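Student: For reference, this is data32.cif, and it has mmCIF, C-alpha atoms and all ligand atoms.
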```cif
data_coords
#
loop_
_atom_site.label_atom_id
_atom_site.label_comp_id
_atom_site.auth_asym_id
_atom_site.auth_seq_id
_atom_site.Cartn_x
_atom_site.Cartn_y
_atom_site.Cartn_z
CA GLY V 1 11.23 8.13 40.81
CA LEU V 2 7.60 8.60 39.90
CA PRO V 3 5.63 5.51 38.79
CA PRO V 4 5.15 5.66 34.98
CA LEU V 5 1.79 6.64 33.54
CA TYR V 6 0.72 4.83 30.37
CA ILE V 7 -1.83 6.84 28.45
CA ILE V 8 -3.67 4.77 25.83
CA THR V 9 -5.23 7.00 23.18
CA PRO V 10 -7.39 5.45 20.46
CA THR V 11 -7.52 7.57 17.31
CA TYR V 12 -8.63 7.25 13.70
CA PRO V 13 -8.07 9.16 10.46
CA ARG V 14 -10.33 12.15 9.85
CA ALA V 15 -9.91 15.88 9.29
CA GLU V 16 -9.95 16.57 13.07
CA GLN V 17 -7.31 13.95 13.93
CA ILE V 18 -4.16 16.10 14.08
CA PRO V 19 -5.92 18.94 15.94
CA GLU V 20 -7.22 16.46 18.55
CA LEU V 21 -3.83 14.79 18.95
CA THR V 22 -2.19 18.20 19.26
CA ARG V 23 -4.44 19.15 22.20
CA THR V 24 -3.85 15.82 23.89
CA ALA V 25 -0.09 15.89 23.28
CA GLN V 26 0.28 19.40 24.65
CA THR V 27 -1.64 18.40 27.77
CA LEU V 28 0.67 15.41 28.27
CA MET V 29 3.75 17.62 27.79
CA ASN V 30 2.90 19.01 31.23
CA VAL V 31 2.98 15.57 32.87
CA PRO V 32 6.25 13.87 33.91
CA ASN V 33 7.09 10.21 33.28
CA VAL V 34 4.40 9.54 30.69
CA VAL V 35 4.38 6.92 27.94
CA TRP V 36 1.80 7.94 25.33
CA ILE V 37 0.45 4.92 23.48
CA VAL V 38 -1.32 6.24 20.39
CA SER V 39 -3.28 3.41 18.84
CA GLU V 40 -4.72 4.11 15.43
CA ASP V 41 -7.75 2.40 13.89
CA ALA V 42 -6.70 2.57 10.23
CA PRO V 43 -5.80 0.35 7.27
CA VAL V 44 -2.35 1.96 7.02
CA PRO V 45 -0.49 4.32 9.37
CA THR V 46 -1.42 7.97 8.86
CA GLN V 47 1.92 9.56 8.02
CA ALA V 48 0.99 12.92 9.55
CA VAL V 49 0.30 11.15 12.85
CA VAL V 50 3.58 9.24 12.85
CA ASN V 51 5.45 12.45 12.00
CA TYR V 52 3.63 14.42 14.67
CA LEU V 53 4.34 11.87 17.40
CA ASN V 54 8.04 12.07 16.59
CA GLU V 55 8.09 15.83 16.92
CA THR V 56 6.22 16.03 20.26
CA GLY V 57 9.29 15.15 22.31
CA LEU V 58 7.05 12.84 24.37
CA LYS V 59 7.88 9.20 24.91
CA THR V 60 5.43 7.74 22.39
CA VAL V 61 4.44 4.29 21.17
CA TYR V 62 2.58 4.03 17.87
CA ARG V 63 0.21 1.09 17.32
CA ARG V 64 -2.05 0.38 14.36
CA VAL V 65 -4.94 -2.04 14.09
CA MET V 66 -8.28 -2.09 12.31
CA MET V 67 -11.73 -2.48 13.79
CA PRO V 68 -12.84 -6.00 12.73
CA ALA V 69 -14.85 -5.86 9.47
CA LYS V 70 -18.02 -7.22 11.08
CA TYR V 71 -18.23 -4.20 13.40
CA GLN V 72 -17.45 -1.68 10.68
CA LYS V 73 -20.69 -2.61 8.91
CA VAL V 74 -23.02 -1.83 11.82
CA LYS V 75 -24.36 1.65 12.57
CA ASN V 76 -23.49 1.79 16.28
CA LYS V 77 -19.85 0.73 16.22
CA PRO V 78 -17.65 -0.29 19.17
CA ARG V 79 -15.47 2.78 18.59
CA GLY V 80 -11.90 2.54 19.78
CA VAL V 81 -12.12 -1.00 21.19
CA ALA V 82 -9.77 -2.80 18.78
CA ASN V 83 -7.16 -0.09 19.24
CA ARG V 84 -7.54 0.05 23.05
CA LEU V 85 -7.03 -3.72 23.07
CA SER V 86 -3.84 -3.21 21.07
CA GLY V 87 -2.69 -0.70 23.70
CA LEU V 88 -3.43 -3.25 26.43
CA GLU V 89 -1.35 -5.79 24.53
CA TYR V 90 1.55 -3.34 24.66
CA ILE V 91 1.06 -3.00 28.43
CA ARG V 92 1.03 -6.78 28.90
CA GLU V 93 4.24 -7.18 26.90
CA ASN V 94 6.21 -4.16 28.07
CA ALA V 95 4.99 -2.58 31.31
CA LYS V 96 5.94 -3.72 34.80
CA ASP V 97 4.63 -1.04 37.12
CA GLY V 98 2.82 2.25 37.14
CA VAL V 99 -0.72 2.98 36.02
CA PHE V 100 -2.62 3.10 32.72
CA TYR V 101 -5.53 5.25 31.58
CA PHE V 102 -7.72 5.30 28.46
CA ALA V 103 -7.62 8.86 27.12
CA ASP V 104 -9.69 9.40 23.98
CA ASP V 105 -8.14 11.88 21.56
CA ASP V 106 -11.08 14.33 21.79
CA ASN V 107 -11.55 14.68 25.57
CA THR V 108 -10.24 17.56 27.71
CA TYR V 109 -7.94 16.81 30.64
CA ASP V 110 -6.83 18.85 33.65
CA ILE V 111 -3.28 17.74 34.46
CA LYS V 112 -4.13 17.49 38.18
CA LEU V 113 -5.92 14.28 37.32
CA PHE V 114 -2.74 12.62 36.05
CA GLU V 115 -0.79 13.38 39.22
CA GLN V 116 -3.49 11.76 41.36
CA MET V 117 -4.10 8.68 39.19
CA ARG V 118 -0.38 7.89 39.17
CA TRP V 119 -0.73 6.43 42.70
CA THR V 120 -3.63 4.07 41.89
CA GLN V 121 -3.23 0.74 43.76
CA ARG V 122 -5.97 -1.22 41.98
CA VAL V 123 -8.59 0.88 40.17
CA SER V 124 -9.25 4.56 40.81
CA MET V 125 -12.30 6.48 39.66
CA PHE V 126 -13.31 10.13 39.31
CA PRO V 127 -16.02 12.32 37.77
CA VAL V 128 -16.25 12.96 34.01
CA GLY V 129 -18.00 16.11 32.85
CA LEU V 130 -20.24 16.56 29.80
CA VAL V 131 -21.54 12.97 29.87
CA THR V 132 -25.23 12.55 28.91
CA LYS V 133 -27.80 15.25 29.57
CA LEU V 134 -27.05 15.01 33.30
CA GLY V 135 -23.75 16.73 32.54
CA VAL V 136 -21.60 14.50 34.73
CA SER V 137 -20.93 10.83 35.36
CA SER V 138 -19.40 10.12 38.75
CA PRO V 139 -19.00 7.60 41.51
CA ILE V 140 -21.07 8.44 44.59
CA VAL V 141 -18.76 8.58 47.60
CA ARG V 142 -19.68 8.23 51.28
CA ASP V 143 -17.02 8.28 53.99
CA GLY V 144 -14.29 7.86 51.39
CA ARG V 145 -15.89 4.77 49.77
CA VAL V 146 -17.64 4.33 46.44
CA VAL V 147 -21.22 3.35 47.31
CA GLY V 148 -22.88 3.86 43.93
CA PHE V 149 -22.78 5.66 40.60
CA TYR V 150 -24.45 8.74 39.19
CA ASP V 151 -24.78 8.36 35.42
CA GLY V 152 -27.44 9.18 32.83
CA TRP V 153 -27.48 5.59 31.61
CA ILE V 154 -27.31 2.96 34.34
CA SER V 155 -28.82 0.09 32.30
CA LYS V 156 -27.65 -3.26 33.64
CA ARG V 157 -24.14 -1.99 34.27
CA ARG V 158 -22.38 -2.82 37.54
CA PHE V 159 -19.95 0.04 36.80
CA PRO V 160 -21.98 2.77 35.08
CA CYS V 161 -19.12 5.07 34.13
CA ASP V 162 -17.33 6.66 31.22
CA MET V 163 -14.15 5.34 29.58
CA ALA V 164 -12.35 8.46 30.87
CA GLY V 165 -13.55 7.88 34.44
CA PHE V 166 -11.07 5.32 35.74
CA ALA V 167 -7.37 4.41 35.86
CA VAL V 168 -5.84 0.99 36.53
CA SER V 169 -2.66 -0.21 38.22
CA VAL V 170 -0.40 -2.02 35.74
CA GLN V 171 0.50 -4.70 38.31
CA TYR V 172 -3.16 -5.28 39.16
CA PHE V 173 -3.89 -5.72 35.43
CA LEU V 174 -0.90 -8.02 34.85
CA GLU V 175 -2.07 -10.25 37.71
CA ARG V 176 -5.35 -10.74 35.80
CA PRO V 177 -4.36 -12.24 32.43
CA LYS V 178 -7.98 -12.65 31.30
CA ALA V 179 -8.91 -9.01 31.80
CA THR V 180 -10.08 -7.55 28.49
CA MET V 181 -12.48 -5.10 26.88
CA PRO V 182 -15.54 -6.47 25.05
CA PHE V 183 -16.72 -5.35 21.60
CA LYS V 184 -20.08 -4.52 23.17
CA VAL V 185 -21.37 -1.03 22.49
CA GLY V 186 -22.21 0.79 25.72
CA PHE V 187 -20.74 -1.94 27.89
CA GLU V 188 -17.03 -1.50 27.11
CA GLU V 189 -16.21 0.10 30.49
CA ASP V 190 -18.45 -2.22 32.48
CA GLY V 191 -17.12 -5.31 30.72
CA PHE V 192 -13.53 -4.27 31.25
CA LEU V 193 -13.97 -3.44 34.95
CA ARG V 194 -15.93 -6.65 35.56
CA SER V 195 -13.17 -8.64 33.86
CA LEU V 196 -10.71 -7.17 36.38
CA GLY V 197 -12.82 -8.55 39.20
CA ILE V 198 -12.68 -5.26 41.09
CA LYS V 199 -15.33 -4.80 43.80
CA PRO V 200 -17.04 -1.40 44.01
CA HIS V 201 -15.87 -0.94 47.62
CA GLU V 202 -12.23 -1.46 46.52
CA ILE V 203 -12.34 1.46 44.09
CA GLU V 204 -10.18 4.43 45.04
CA PRO V 205 -12.11 7.69 44.61
CA LEU V 206 -9.89 10.54 43.37
CA ALA V 207 -10.45 14.25 42.71
CA PHE V 208 -11.13 15.00 46.40
CA ASN V 209 -13.68 12.23 46.91
CA CYS V 210 -15.10 12.85 43.45
CA THR V 211 -16.02 16.47 44.17
CA LYS V 212 -13.95 17.88 41.27
CA ILE V 213 -14.36 17.47 37.54
CA TRP V 214 -10.90 17.18 35.96
CA VAL V 215 -11.83 15.48 32.70
CA TRP V 216 -14.58 16.31 30.21
CA HIS V 217 -16.09 14.20 27.46
CA THR V 218 -15.86 17.01 24.94
CA GLN V 219 -16.91 16.24 21.37
CA THR V 220 -15.59 18.06 18.36
CA LYS V 221 -18.03 19.19 15.72
CA LYS V 222 -17.40 17.36 12.45
CA ASN V 223 -15.88 19.57 9.81
CA GLN V 224 -16.10 19.17 6.07
CA PRO V 225 -13.89 16.23 5.14
CA ALA V 226 -10.50 17.68 4.24
CA LEU V 227 -9.14 17.16 0.76
CA PRO V 228 -6.76 14.18 0.88
CA VAL V 229 -3.82 16.38 -0.06
CA VAL V 230 -4.44 18.60 2.97
CA GLN V 231 -5.05 15.77 5.39
CA ASN V 232 -2.07 13.70 4.38
CA LYS V 233 0.59 15.97 2.99
CA MET V 234 0.25 19.37 4.52
CA THR V 235 2.46 19.81 7.52
CA VAL V 236 4.26 22.87 8.79
CA GLY V 237 6.58 24.03 6.02
CA THR V 238 4.46 22.79 3.14
CA ASN V 239 3.37 25.72 1.08
CA LEU V 240 -0.26 26.01 0.02
CA ASP V 241 0.99 26.19 -3.59
CA ILE V 242 0.50 22.42 -3.68
CA LEU V 243 -3.24 23.07 -3.72
CA LYS V 244 -3.05 24.93 -7.04
CA THR V 245 -1.86 21.91 -8.98
N1 LIG X 1 -12.36 6.00 17.38
C1 LIG X 1 -11.71 5.00 16.69
N2 LIG X 1 -12.32 4.47 15.56
C2 LIG X 1 -13.54 4.90 15.11
C3 LIG X 1 -14.20 5.92 15.83
C4 LIG X 1 -13.58 6.44 16.98
O1 LIG X 1 -10.62 4.60 17.05
O2 LIG X 1 -14.03 4.39 14.09
C5 LIG X 1 -11.71 6.55 18.60
C6 LIG X 1 -11.76 8.08 18.72
O3 LIG X 1 -10.61 8.67 18.14
C7 LIG X 1 -11.86 8.30 20.23
C8 LIG X 1 -12.58 7.05 20.72
O4 LIG X 1 -12.41 6.04 19.71
O5 LIG X 1 -10.57 8.37 20.81
C9 LIG X 1 -14.07 7.27 20.96
O6 LIG X 1 -14.67 7.72 19.76
P1 LIG X 1 -15.58 9.02 19.68
O7 LIG X 1 -14.89 10.15 20.35
O8 LIG X 1 -16.00 9.21 18.26
O9 LIG X 1 -16.84 8.55 20.52
P2 LIG X 1 -17.75 9.37 21.52
O10 LIG X 1 -16.86 10.14 22.41
O11 LIG X 1 -18.59 10.25 20.68
O12 LIG X 1 -18.51 8.31 22.23
MN MN X 2 -15.26 11.32 22.05
#
```
Show me the file's structure as structure tokens.

Tutor:
Amino acid sequence: GLPPLYIITPTYPRAEQIPELTRTAQTLMNVPNVVWIVSEDAPVPTQAVVNYLNETGLKTVYRRVMMPAKYQKVKNKPRGVANRLSGLEYIRENAKDGVFYFADDDNTYDIKLFEQMRWTQRVSMFPVGLVTKLGVSSPIVRDGRVVGFYDGWISKRRFPCDMAGFAVSVQYFLERPKATMPFKVGFEEDGFLRSLGIKPHEIEPLAFNCTKIWVWHTQTKKNQPALPVVQNKMTVGTNLDILKT
């Protein structure tokens, strides 16, 4: 059968959480042989999330972990790192083959991307739309090889790319027990890819030699914080009468 795809989605409690997870879930419902690892950065599991995962019909894994306290205090936080690491721990302990991908809860995915990344041998890469003012972050491909990167923020990164811009073979990852993601804002992708020891020329360019954008770094406008009763208790079937009390 098809190699399994492990989709690691970091998420955290806020008014937009269930809407974001609904969009992501309904995208993944169109993809066969997926394990959706939803990893929540929260002090306690959000009941609405746990309930929603159970009703998606997808094969889901729920993880919960908190961003270490020292990072919570700073303004520019390493968002989603603790929970991605928890997802990687699940892969190390449970996966044998297939491919994994970090899919933030708020991005937009064309399902064509999942069918291509499923065949990743080591690390595959592809363009991500709506990244920086340039509008796209992408490997530069010549004669089928990655020869550089186009990104609005190169800095000192060897792999200037977005978290949504690459997928990794499970076996390749398992063969590298030290591979991990650093709590280093802006350098999470670069640190992770460096820790895998992948060479730029070994990267497999997808999306027709990186000529198609099949994932976008969309960002949802922050709404007014929802009343706790709405965020936590209101699910389909709960009447709005609860708000009158
Ligand atoms: N996230 C998280 N904890 C946080 C903030 C964000 O787990 O305190 C998750 C979020 O749900 C998303 C990912 O980390 O899946 C990246 O966060 P965000 O989308 O806010 O960052 P941006 O896309 O703006 O860089
Ligand atoms: Mn985002």

Student: Identify the residues within 8 Å of coordinate (-14.4, 9.1, 33.3) (same frame as the file), considering all atoms listed in the file, and give the answer as a list in words.

Tutor: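 So the residues meeting the distance criterion are Met125, Phe126, Pro127, Val128, Gly129, Ser137, Ser138, Cys161, Asp162, Met163, Ala164, Gly165, Phe166, Val215, Trp216 and His217 of chain V.
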
Student: Nearest to ligand LIG 1 (chain X) among V:Val35, V:Ala226, V:Val61, V:Ala103, with distances taken over all atoms listed in the file: which residue is it?

Tutor: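 For ligand LIG 1 (chain X), the nearest of the given residues is V:Ala103.
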
Student: Ranking V:Met117, V:Leu240, V:Ala48, V:Val131 by minimum distance to ligand LIG 1 (chain X) and counting all atoms listed in the file, which one comes first?

Tutor: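 Closest to ligand LIG 1 (chain X), using all atoms listed in the file: V:Val131.
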
Student: Taking into account all atoms listed in the file, which residue in the set V:Asp106, V:Asn33, V:Pro3, V:Phe208 is nearest to V:Ile18?

Tutor: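 Between V:Asp106, V:Asn33, V:Pro3, V:Phe208, the residue approaching V:Ile18 most closely is V:Asp106.
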
Student: For V:Lys112, which residue out of V:Asn30, V:Arg14, V:Tyr90, V:Ile203 is the nearest one, using all atoms listed in the file?

Tutor: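 Checking each candidate against V:Lys112, we get V:Asn30 as the closest.
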
Student: Give me the residues within 7 Å of V:Ile140 as JSON, numbers by chain, counting all atoms listed in the file and dropping any in the same chain fewer than 6 places off.

Tutor: {"V": [146, 147, 148, 149, 150]}

Student: Taking only C-alpha atoms and all ligand atoms into account, which residues are within 10 Å of ligand LIG 1 (chain X), as a ChimeraX atom specification?

Tutor: /V:8-14,16-17,20-21,38-42,64-67,71-72,77-84,102-107,131,162-164,185-186,217-220

Student: Between V:Thr56, V:Lys75, V:Arg122, V:Thr108, which one has atoms that come closest to ligand MN 2 (chain X), using all atoms listed in the file?

Tutor: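 Between V:Thr56, V:Lys75, V:Arg122, V:Thr108, the residue approaching ligand MN 2 (chain X) most closely is V:Thr108.
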
Student: One decimal, in Å: what's the spacing between atom CA of V:Leu85 and atom CA of V:Tyr109?

Tutor: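 Calculated distance between atom CA of V:Leu85 and atom CA of V:Tyr109 is 21.9 Å.
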
Student: Would you please work out which residue, of V:Glu202, V:Leu130, V:Tyr62, V:Pro177, is nearest to ligand MN 2 (chain X) when using all atoms listed in the file?

Tutor: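 Using all atoms listed in the file, the shortest distance to ligand MN 2 (chain X) belongs to V:Leu130.
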
Student: Give, as JSON, the centre coordinates and the x, y and z edge lengths in Å to one decimal for an axis-aligned box around all listed atoms of stretch 169-181 of chain V, padded by 5 Å on each side.

Tutor:
```
{"center_x": -6.0, "center_y": -6.4, "center_z": 33.0, "size_x": 23.0, "size_y": 22.4, "size_z": 22.3}
```

Student: Give me the residues within 12 Å of V:Gln121 as a PyMOL selection string, counting all atoms listed in the file and dropping any in the same chain fewer than 5 places off.

Tutor: chain V and resi 3+97-100+116+167-173+198+202-206

Student: Quick one: pull the distance between atom CA of V:Glu89 and atom CA of V:Ala179, Å, one decimal.

Tutor: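 These atoms are spaced 11.0 Å apart.
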
Student: With only C-alpha atoms as the counted atoms, please give the residues lying no more than 8 Å from V:Thr27, apart from itself and same-chain residues fewer than 3 positions off, as a list in words.

Tutor: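 Counting only C-alpha atoms, the residues come to Arg23, Thr24, Asn30, Val31, Tyr109, Asp110 and Ile111 of chain V.
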
Student: Quick one: distance from atom CA of V:His201 to atom CA of V:Pro182 in Å, one decimal?

Tutor: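 These atoms are spaced 23.2 Å apart.
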
Student: So that I can see what lies close to V:Tyr52, please list as an mmCIF file with C-alpha atoms, in the frame of the given file the residues with an atom at most 10 Å from it, counting only C-alpha atoms and leaving out residues fewer than 5 positions away in the same chain.

Tutor:
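Ended up saving to out-v4.cif:
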```cif
data_model
loop_
_atom_site.group_PDB
_atom_site.id
_atom_site.type_symbol
_atom_site.label_atom_id
_atom_site.label_comp_id
_atom_site.auth_asym_id
_atom_site.auth_seq_id
_atom_site.Cartn_x
_atom_site.Cartn_y
_atom_site.Cartn_z
ATOM 1 C CA ILE V 18 -4.160 16.100 14.080
ATOM 2 C CA LEU V 21 -3.830 14.790 18.950
ATOM 3 C CA THR V 22 -2.190 18.200 19.260
ATOM 4 C CA ALA V 25 -0.090 15.890 23.280
ATOM 5 C CA GLN V 47 1.920 9.560 8.020
ATOM 6 C CA GLY V 57 9.290 15.150 22.310
ATOM 7 C CA THR V 235 2.460 19.810 7.520
#
```

Student: Just write stretch 41-58 of chain V with N, CA and C atoms, as an mmCIF file, in the first residue's frame, taken from the block above.

Tutor:
```
data_model
loop_
_atom_site.group_PDB
_atom_site.id
_atom_site.type_symbol
_atom_site.label_atom_id
_atom_site.label_comp_id
_atom_site.auth_asym_id
_atom_site.auth_seq_id
_atom_site.Cartn_x
_atom_site.Cartn_y
_atom_site.Cartn_z
ATOM 1 N N ASP V 41 0.151 22.917 22.605
ATOM 2 C CA ASP V 41 0.936 23.678 23.578
ATOM 3 C C ASP V 41 -0.076 24.273 24.565
ATOM 4 N N ALA V 42 -0.269 23.588 25.696
ATOM 5 C CA ALA V 42 -1.313 23.997 26.636
ATOM 6 C C ALA V 42 -1.063 23.355 27.998
ATOM 7 N N PRO V 43 -1.512 24.020 29.072
ATOM 8 C CA PRO V 43 -1.336 23.431 30.406
ATOM 9 C C PRO V 43 -2.202 22.200 30.627
ATOM 10 N N VAL V 44 -3.366 22.161 30.009
ATOM 11 C CA VAL V 44 -4.254 20.994 30.086
ATOM 12 C C VAL V 44 -4.856 20.780 28.688
ATOM 13 N N PRO V 45 -5.259 19.559 28.369
ATOM 14 C CA PRO V 45 -5.858 19.358 27.038
ATOM 15 C C PRO V 45 -7.107 20.216 26.862
ATOM 16 N N THR V 46 -7.259 20.812 25.685
ATOM 17 C CA THR V 46 -8.475 21.556 25.376
ATOM 18 C C THR V 46 -9.538 20.539 24.961
ATOM 19 N N GLN V 47 -10.600 20.453 25.766
ATOM 20 C CA GLN V 47 -11.601 19.401 25.549
ATOM 21 C C GLN V 47 -12.218 19.478 24.160
ATOM 22 N N ALA V 48 -12.470 20.701 23.687
ATOM 23 C CA ALA V 48 -13.076 20.845 22.351
ATOM 24 C C ALA V 48 -12.170 20.264 21.271
ATOM 25 N N VAL V 49 -10.859 20.347 21.471
ATOM 26 C CA VAL V 49 -9.921 19.787 20.496
ATOM 27 C C VAL V 49 -9.971 18.262 20.531
ATOM 28 N N VAL V 50 -9.890 17.714 21.733
ATOM 29 C CA VAL V 50 -9.931 16.249 21.878
ATOM 30 C C VAL V 50 -11.238 15.713 21.284
ATOM 31 N N ASN V 51 -12.346 16.360 21.580
ATOM 32 C CA ASN V 51 -13.636 15.937 21.028
ATOM 33 C C ASN V 51 -13.633 16.030 19.509
ATOM 34 N N TYR V 52 -13.109 17.140 18.991
ATOM 35 C CA TYR V 52 -13.133 17.331 17.542
ATOM 36 C C TYR V 52 -12.289 16.271 16.833
ATOM 37 N N LEU V 53 -11.119 15.981 17.379
ATOM 38 C CA LEU V 53 -10.260 14.964 16.738
ATOM 39 C C LEU V 53 -10.999 13.636 16.639
ATOM 40 N N ASN V 54 -11.726 13.293 17.682
ATOM 41 C CA ASN V 54 -12.452 12.023 17.675
ATOM 42 C C ASN V 54 -13.561 11.993 16.644
ATOM 43 N N GLU V 55 -14.117 13.145 16.311
ATOM 44 C CA GLU V 55 -15.227 13.116 15.354
ATOM 45 C C GLU V 55 -14.777 13.307 13.900
ATOM 46 N N THR V 56 -13.477 13.531 13.669
ATOM 47 C CA THR V 56 -13.031 13.749 12.282
ATOM 48 C C THR V 56 -13.061 12.472 11.456
ATOM 49 N N GLY V 57 -12.945 11.324 12.112
ATOM 50 C CA GLY V 57 -12.827 10.070 11.363
ATOM 51 C C GLY V 57 -11.408 9.831 10.865
ATOM 52 N N LEU V 58 -10.515 10.792 11.069
ATOM 53 C CA LEU V 58 -9.110 10.620 10.685
ATOM 54 C C LEU V 58 -8.412 9.774 11.730
#
```
